[in-house]
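S.K.: Below you'll find final30.cif; it's mmCIF, C-alpha atoms.
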```cif
data_model
loop_
_atom_site.group_PDB
_atom_site.id
_atom_site.type_symbol
_atom_site.label_atom_id
_atom_site.label_comp_id
_atom_site.auth_asym_id
_atom_site.auth_seq_id
_atom_site.Cartn_x
_atom_site.Cartn_y
_atom_site.Cartn_z
ATOM 1 C CA MET A 7 -10.289 5.164 7.476
ATOM 2 C CA ILE A 8 -10.624 6.241 3.873
ATOM 3 C CA ARG A 9 -10.378 3.290 1.529
ATOM 4 C CA LEU A 10 -10.112 2.995 -2.204
ATOM 5 C CA GLY A 11 -13.437 2.075 -3.748
ATOM 6 C CA CYS A 12 -15.555 2.436 -0.616
ATOM 7 C CA GLY A 13 -18.942 2.301 -2.276
ATOM 8 C CA VAL A 14 -18.395 5.283 -4.548
ATOM 9 C CA GLY A 15 -19.155 3.548 -7.829
ATOM 10 C CA LEU A 16 -16.733 3.068 -10.694
ATOM 11 C CA ASN A 17 -14.734 6.234 -9.985
ATOM 12 C CA THR A 18 -11.859 5.026 -7.818
ATOM 13 C CA TYR A 19 -11.091 8.658 -6.912
ATOM 14 C CA GLY A 20 -14.626 9.315 -5.652
ATOM 15 C CA TYR A 21 -13.553 8.941 -2.045
ATOM 16 C CA VAL A 22 -11.382 12.056 -2.407
ATOM 17 C CA GLY A 23 -13.951 14.102 -4.279
ATOM 18 C CA GLY A 24 -12.292 13.344 -7.628
ATOM 19 C CA ASN A 25 -9.166 15.244 -6.537
ATOM 20 C CA PRO A 26 -6.448 12.753 -5.548
ATOM 21 C CA LEU A 27 -3.676 15.351 -5.757
ATOM 22 C CA SER A 28 -5.170 17.503 -3.009
ATOM 23 C CA PHE A 29 -6.807 14.884 -0.825
ATOM 24 C CA TYR A 30 -4.935 11.706 -0.026
ATOM 25 C CA ASP A 31 -4.565 9.341 2.887
ATOM 26 C CA PRO A 32 -2.027 6.653 1.982
ATOM 27 C CA LEU A 33 -2.074 5.052 5.432
ATOM 28 C CA GLY A 34 -5.797 5.517 6.095
ATOM 29 C CA LEU A 35 -5.154 7.496 9.275
ATOM 30 C CA GLU A 36 -6.818 10.819 8.501
ATOM 31 C CA PRO A 37 -9.938 11.899 10.377
ATOM 32 C CA ASN A 38 -13.258 12.091 8.584
ATOM 33 C CA GLN A 39 -12.620 14.825 6.001
ATOM 34 C CA VAL A 40 -16.260 15.960 5.887
ATOM 35 C CA CYS A 41 -16.103 16.683 9.609
ATOM 36 C CA VAL A 42 -12.758 18.504 9.278
ATOM 37 C CA ALA A 43 -14.101 20.620 6.399
ATOM 38 C CA ALA A 44 -17.177 21.570 8.426
ATOM 39 C CA CYS A 45 -15.003 22.601 11.382
ATOM 40 C CA THR A 46 -12.735 24.627 9.111
ATOM 41 C CA ALA A 47 -15.680 26.432 7.493
ATOM 42 C CA ALA A 48 -17.349 27.128 10.835
ATOM 43 C CA GLY A 49 -14.080 28.466 12.253
ATOM 44 C CA SER A 50 -13.556 30.664 9.226
ATOM 45 C CA VAL A 51 -17.067 32.140 9.400
ATOM 46 C CA ALA A 52 -16.917 32.704 13.149
ATOM 47 C CA GLY A 53 -13.419 34.160 12.967
ATOM 48 C CA GLY A 54 -14.391 36.419 10.076
ATOM 49 C CA TYR A 55 -17.413 37.744 11.955
ATOM 50 C CA LEU A 56 -15.489 38.350 15.167
ATOM 51 C CA GLY A 57 -12.609 39.910 13.233
ATOM 52 C CA THR A 58 -14.966 42.226 11.366
ATOM 53 C CA VAL A 59 -16.714 43.369 14.528
ATOM 54 C CA GLY A 60 -13.546 43.650 16.592
ATOM 55 C CA GLY A 61 -11.506 45.228 13.820
ATOM 56 C CA GLY A 62 -14.268 47.728 13.073
ATOM 57 C CA ALA A 63 -14.571 48.732 16.723
ATOM 58 C CA LEU A 64 -10.833 49.079 17.172
ATOM 59 C CA GLY A 65 -10.377 50.881 13.848
ATOM 60 C CA GLY A 66 -13.279 53.218 14.588
ATOM 61 C CA THR A 67 -11.927 54.059 18.024
ATOM 62 C CA LEU A 68 -8.390 54.687 16.828
ATOM 63 C CA GLY A 69 -9.569 56.578 13.746
ATOM 64 C CA GLY A 70 -11.835 58.742 15.875
ATOM 65 C CA LEU A 71 -9.008 59.523 18.290
ATOM 66 C CA GLY A 72 -6.685 60.391 15.460
ATOM 67 C CA GLY A 73 -9.306 62.520 13.736
ATOM 68 C CA SER A 74 -10.157 64.402 16.946
ATOM 69 C CA VAL A 75 -6.889 66.310 16.553
ATOM 70 C CA ILE A 76 -8.550 68.093 13.631
ATOM 71 C CA GLY A 77 -11.836 68.640 15.465
ATOM 72 C CA PRO A 78 -15.288 67.085 15.837
ATOM 73 C CA GLY A 79 -15.689 66.583 12.076
ATOM 74 C CA GLY A 80 -12.305 64.927 11.914
ATOM 75 C CA ALA A 81 -13.245 62.575 14.726
ATOM 76 C CA VAL A 82 -16.378 61.466 12.885
ATOM 77 C CA ALA A 83 -14.590 61.081 9.549
ATOM 78 C CA GLY A 84 -11.605 59.369 11.139
ATOM 79 C CA GLY A 85 -13.881 57.059 13.103
ATOM 80 C CA ALA A 86 -15.838 56.065 10.003
ATOM 81 C CA ALA A 87 -12.730 55.493 7.918
ATOM 82 C CA GLY A 88 -11.029 53.600 10.740
ATOM 83 C CA ALA A 89 -14.084 51.413 11.285
ATOM 84 C CA ALA A 90 -14.292 50.523 7.586
ATOM 85 C CA ALA A 91 -10.590 49.749 7.294
ATOM 86 C CA GLY A 92 -10.539 47.887 10.600
ATOM 87 C CA SER A 93 -13.550 45.784 9.606
ATOM 88 C CA ARG A 94 -11.946 44.739 6.326
ATOM 89 C CA ALA A 95 -8.566 43.926 7.838
ATOM 90 C CA GLY A 96 -10.021 42.332 10.954
ATOM 91 C CA GLY A 97 -12.476 40.270 8.949
ATOM 92 C CA ALA A 98 -9.788 38.905 6.652
ATOM 93 C CA ALA A 99 -7.391 38.154 9.500
ATOM 94 C CA GLY A 100 -10.166 36.700 11.665
ATOM 95 C CA SER A 101 -11.378 34.468 8.866
ATOM 96 C CA ALA A 102 -7.885 33.113 8.232
ATOM 97 C CA ALA A 103 -7.179 32.579 11.930
ATOM 98 C CA GLY A 104 -10.627 31.068 12.548
ATOM 99 C CA GLY A 105 -10.249 28.716 9.594
ATOM 100 C CA ALA A 106 -6.842 27.561 10.836
ATOM 101 C CA ALA A 107 -8.201 27.061 14.354
ATOM 102 C CA GLY A 108 -11.250 25.197 13.028
ATOM 103 C CA ASN A 109 -9.054 22.943 10.907
ATOM 104 C CA ALA A 110 -6.808 22.164 13.867
ATOM 105 C CA ALA A 111 -9.841 21.401 16.032
ATOM 106 C CA GLY A 112 -11.340 19.198 13.316
ATOM 107 C CA ASN A 113 -8.127 17.221 12.912
ATOM 108 C CA ALA A 114 -7.922 16.778 16.678
ATOM 109 C CA PHE A 115 -11.537 15.940 17.477
ATOM 110 C CA CYS A 116 -13.221 14.540 14.350
ATOM 111 C CA PRO A 117 -13.550 10.767 14.466
ATOM 112 C CA GLU A 118 -11.830 8.591 11.926
ATOM 113 C CA ASP A 119 -14.058 7.181 9.244
ATOM 114 C CA ASP A 120 -13.831 3.516 10.257
ATOM 115 C CA GLU A 121 -16.523 2.130 7.973
ATOM 116 C CA GLY A 122 -15.557 -1.091 6.301
ATOM 117 C CA ASP A 123 -13.513 -2.808 9.027
ATOM 118 C CA ASP A 124 -15.831 -5.848 8.866
ATOM 119 C CA CYS A 125 -15.507 -5.798 5.100
ATOM 120 C CA ASP A 126 -11.722 -5.810 5.405
ATOM 121 C CA ALA A 127 -11.884 -8.902 7.608
ATOM 122 C CA LEU A 128 -14.188 -10.613 5.099
ATOM 123 C CA ASN A 129 -11.836 -9.694 2.252
ATOM 124 C CA ALA A 130 -8.804 -11.044 4.135
ATOM 125 C CA THR A 131 -10.571 -14.365 4.720
ATOM 126 C CA ASP A 132 -11.754 -14.575 1.110
ATOM 127 C CA THR A 133 -8.271 -13.728 -0.213
ATOM 128 C CA SER A 134 -6.687 -16.408 1.946
ATOM 129 C CA THR A 135 -9.250 -18.941 0.737
ATOM 130 C CA CYS A 136 -8.680 -17.989 -2.903
ATOM 131 C CA ASN A 137 -4.896 -18.211 -2.494
ATOM 132 C CA GLY A 138 -5.378 -21.772 -1.259
ATOM 133 C CA ILE A 139 -7.613 -22.585 -4.232
ATOM 134 C CA THR A 140 -4.949 -21.184 -6.568
ATOM 135 C CA ARG A 141 -2.301 -23.460 -5.023
ATOM 136 C CA VAL A 142 -4.477 -26.578 -5.104
ATOM 137 C CA ARG A 143 -6.625 -26.147 -8.245
ATOM 138 C CA GLY A 144 -4.557 -23.798 -10.412
ATOM 139 C CA ALA A 145 -4.446 -20.230 -11.645
ATOM 140 C CA ARG A 146 -7.750 -20.293 -13.539
ATOM 141 C CA ALA A 147 -9.758 -21.488 -10.516
ATOM 142 C CA GLY A 148 -7.871 -19.025 -8.296
ATOM 143 C CA ALA A 149 -8.601 -16.100 -10.635
ATOM 144 C CA ALA A 150 -12.322 -16.901 -10.623
ATOM 145 C CA CYS A 151 -12.274 -17.082 -6.834
ATOM 146 C CA HIS A 152 -10.389 -13.763 -6.506
ATOM 147 C CA ALA A 153 -12.856 -12.074 -8.882
ATOM 148 C CA SER A 154 -15.684 -13.366 -6.700
ATOM 149 C CA ALA A 155 -13.869 -12.117 -3.562
ATOM 150 C CA SER A 156 -13.526 -8.649 -5.099
ATOM 151 C CA GLU A 157 -17.234 -8.613 -5.926
ATOM 152 C CA ARG A 158 -18.064 -9.618 -2.339
ATOM 153 C CA TYR A 159 -15.796 -6.899 -0.921
ATOM 154 C CA GLY A 160 -17.394 -4.217 -3.089
ATOM 155 C CA ALA A 161 -20.890 -5.398 -2.119
ATOM 156 C CA CYS A 162 -19.945 -5.300 1.566
ATOM 157 C CA LEU A 163 -18.528 -1.765 1.343
ATOM 158 C CA ALA A 164 -21.590 -0.567 -0.565
ATOM 159 C CA GLY A 165 -23.958 -2.163 1.956
ATOM 160 C CA ARG A 166 -25.437 -4.552 -0.628
ATOM 161 C CA PRO A 167 -26.178 -8.236 0.013
ATOM 162 C CA ILE A 168 -22.964 -10.242 -0.140
ATOM 163 C CA PRO A 169 -22.982 -12.943 -2.850
ATOM 164 C CA PRO A 170 -21.441 -16.381 -2.163
ATOM 165 C CA LEU A 171 -17.714 -16.850 -2.720
ATOM 166 C CA ASN A 172 -17.037 -18.806 -5.909
ATOM 167 C CA THR A 173 -14.926 -21.654 -4.530
ATOM 168 C CA TRP A 174 -16.300 -24.796 -6.111
ATOM 169 C CA ASN A 175 -17.762 -24.477 -9.601
ATOM 170 C CA ASN A 176 -15.194 -22.223 -11.177
#
```
Can you dump the structure from the file as structure tokens?
M.R.:
Amino acid sequence: MIRLGCGVGLNTYGYVGGNPLSFYDPLGLEPNQVCVAACTAAGSVAGGYLGTVGGGALGGTLGGLGGSVIGPGGAVAGGAAGAAAGSRAGGAAGSAAGGAAGNAAGNAFCPEDDEGDDCDALNATDTSTCNGITRVRGARAGAACHASASERYGACLAGRPIPPLNTWNN
């Protein structure tokens, strides 16, 4: 799951590469986007290569057949022109199709990024504790506790040592 502030420093949009308009996951259900991007790129490269080779072969064959009406020189010229055109068109189409297939495969098979589930449980417990402190000891004590809970949550997500929750001397 992608979570706001998951150890990316002060930039709260760091988890989406600084581009929250293009990359978002409001429910935290998207697969690991690095994995999906790698699958998309690999599919695009593979599809582009296969499209270039296949399109060039098909274009060369058809161009050669068409040029053979003129004679042997026409077959060679037609084959060369057909291969060049077929490679360009096949490469572009293959890259687009391969990228789409790679993206679909990535979305289907890439694991979700589930880091931070333990941190979420810790944060839920801390928040509940701080809400109780707010009810019993007042808003000022509750605010200090909640600030401490936020610090603990950030430390947990970043993999740093977790400081104690400020519940008593606040």
S.K.: Looking at only C-alpha atoms, which of A:Asn137, A:Arg143, A:Ile168, A:Gly105 is the one that sits closest to Ala44 (chain A)?
M.R.: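 For Ala44 (chain A), the nearest of the candidates is A:Gly105.
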S.K.: Hey, can you check how far CA of Gly165 (chain A) sits from CA of Cys41 (chain A)?
M.R.: 21.8 Å
S.K.: Specify as a ChimeraX atom specification each residue included when the PyMOL selection byres ((chain A and resi 89) around 9) is applied to this file.
M.R.: /A:61-70,84-88,90-94
S.K.: Find, counting only C-alpha atoms, the residue in A:His152, A:Ala43, A:Cys125, A:Gly138 that gets nearest to Ala164 (chain A).
M.R.: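 Checking each candidate against Ala164 (chain A), we get A:Cys125 as the closest.
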S.K.: Extract, using all atoms listed in the file, all DNA, RNA and protein residues at most 10 Å from Ala107 (chain A), discarding same-chain residues fewer than 5 positions from it, and format them as a list in words.
M.R.: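 In the requested form, the answer reads Cys45, Thr46, Ala48, Gly49, Ser50, Gly53, Ser101, Ala102, Gly112 and Asn113 of chain A.
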S.K.: Considering all atoms listed in the file, state which residue in the set A:Ala95, A:Ala106, A:Ile139, A:Cys162 is at the smallest distance from Ala127 (chain A).
M.R.: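 Comparing A:Ala95, A:Ala106, A:Ile139, A:Cys162 against Ala127 (chain A), the winner is A:Cys162.
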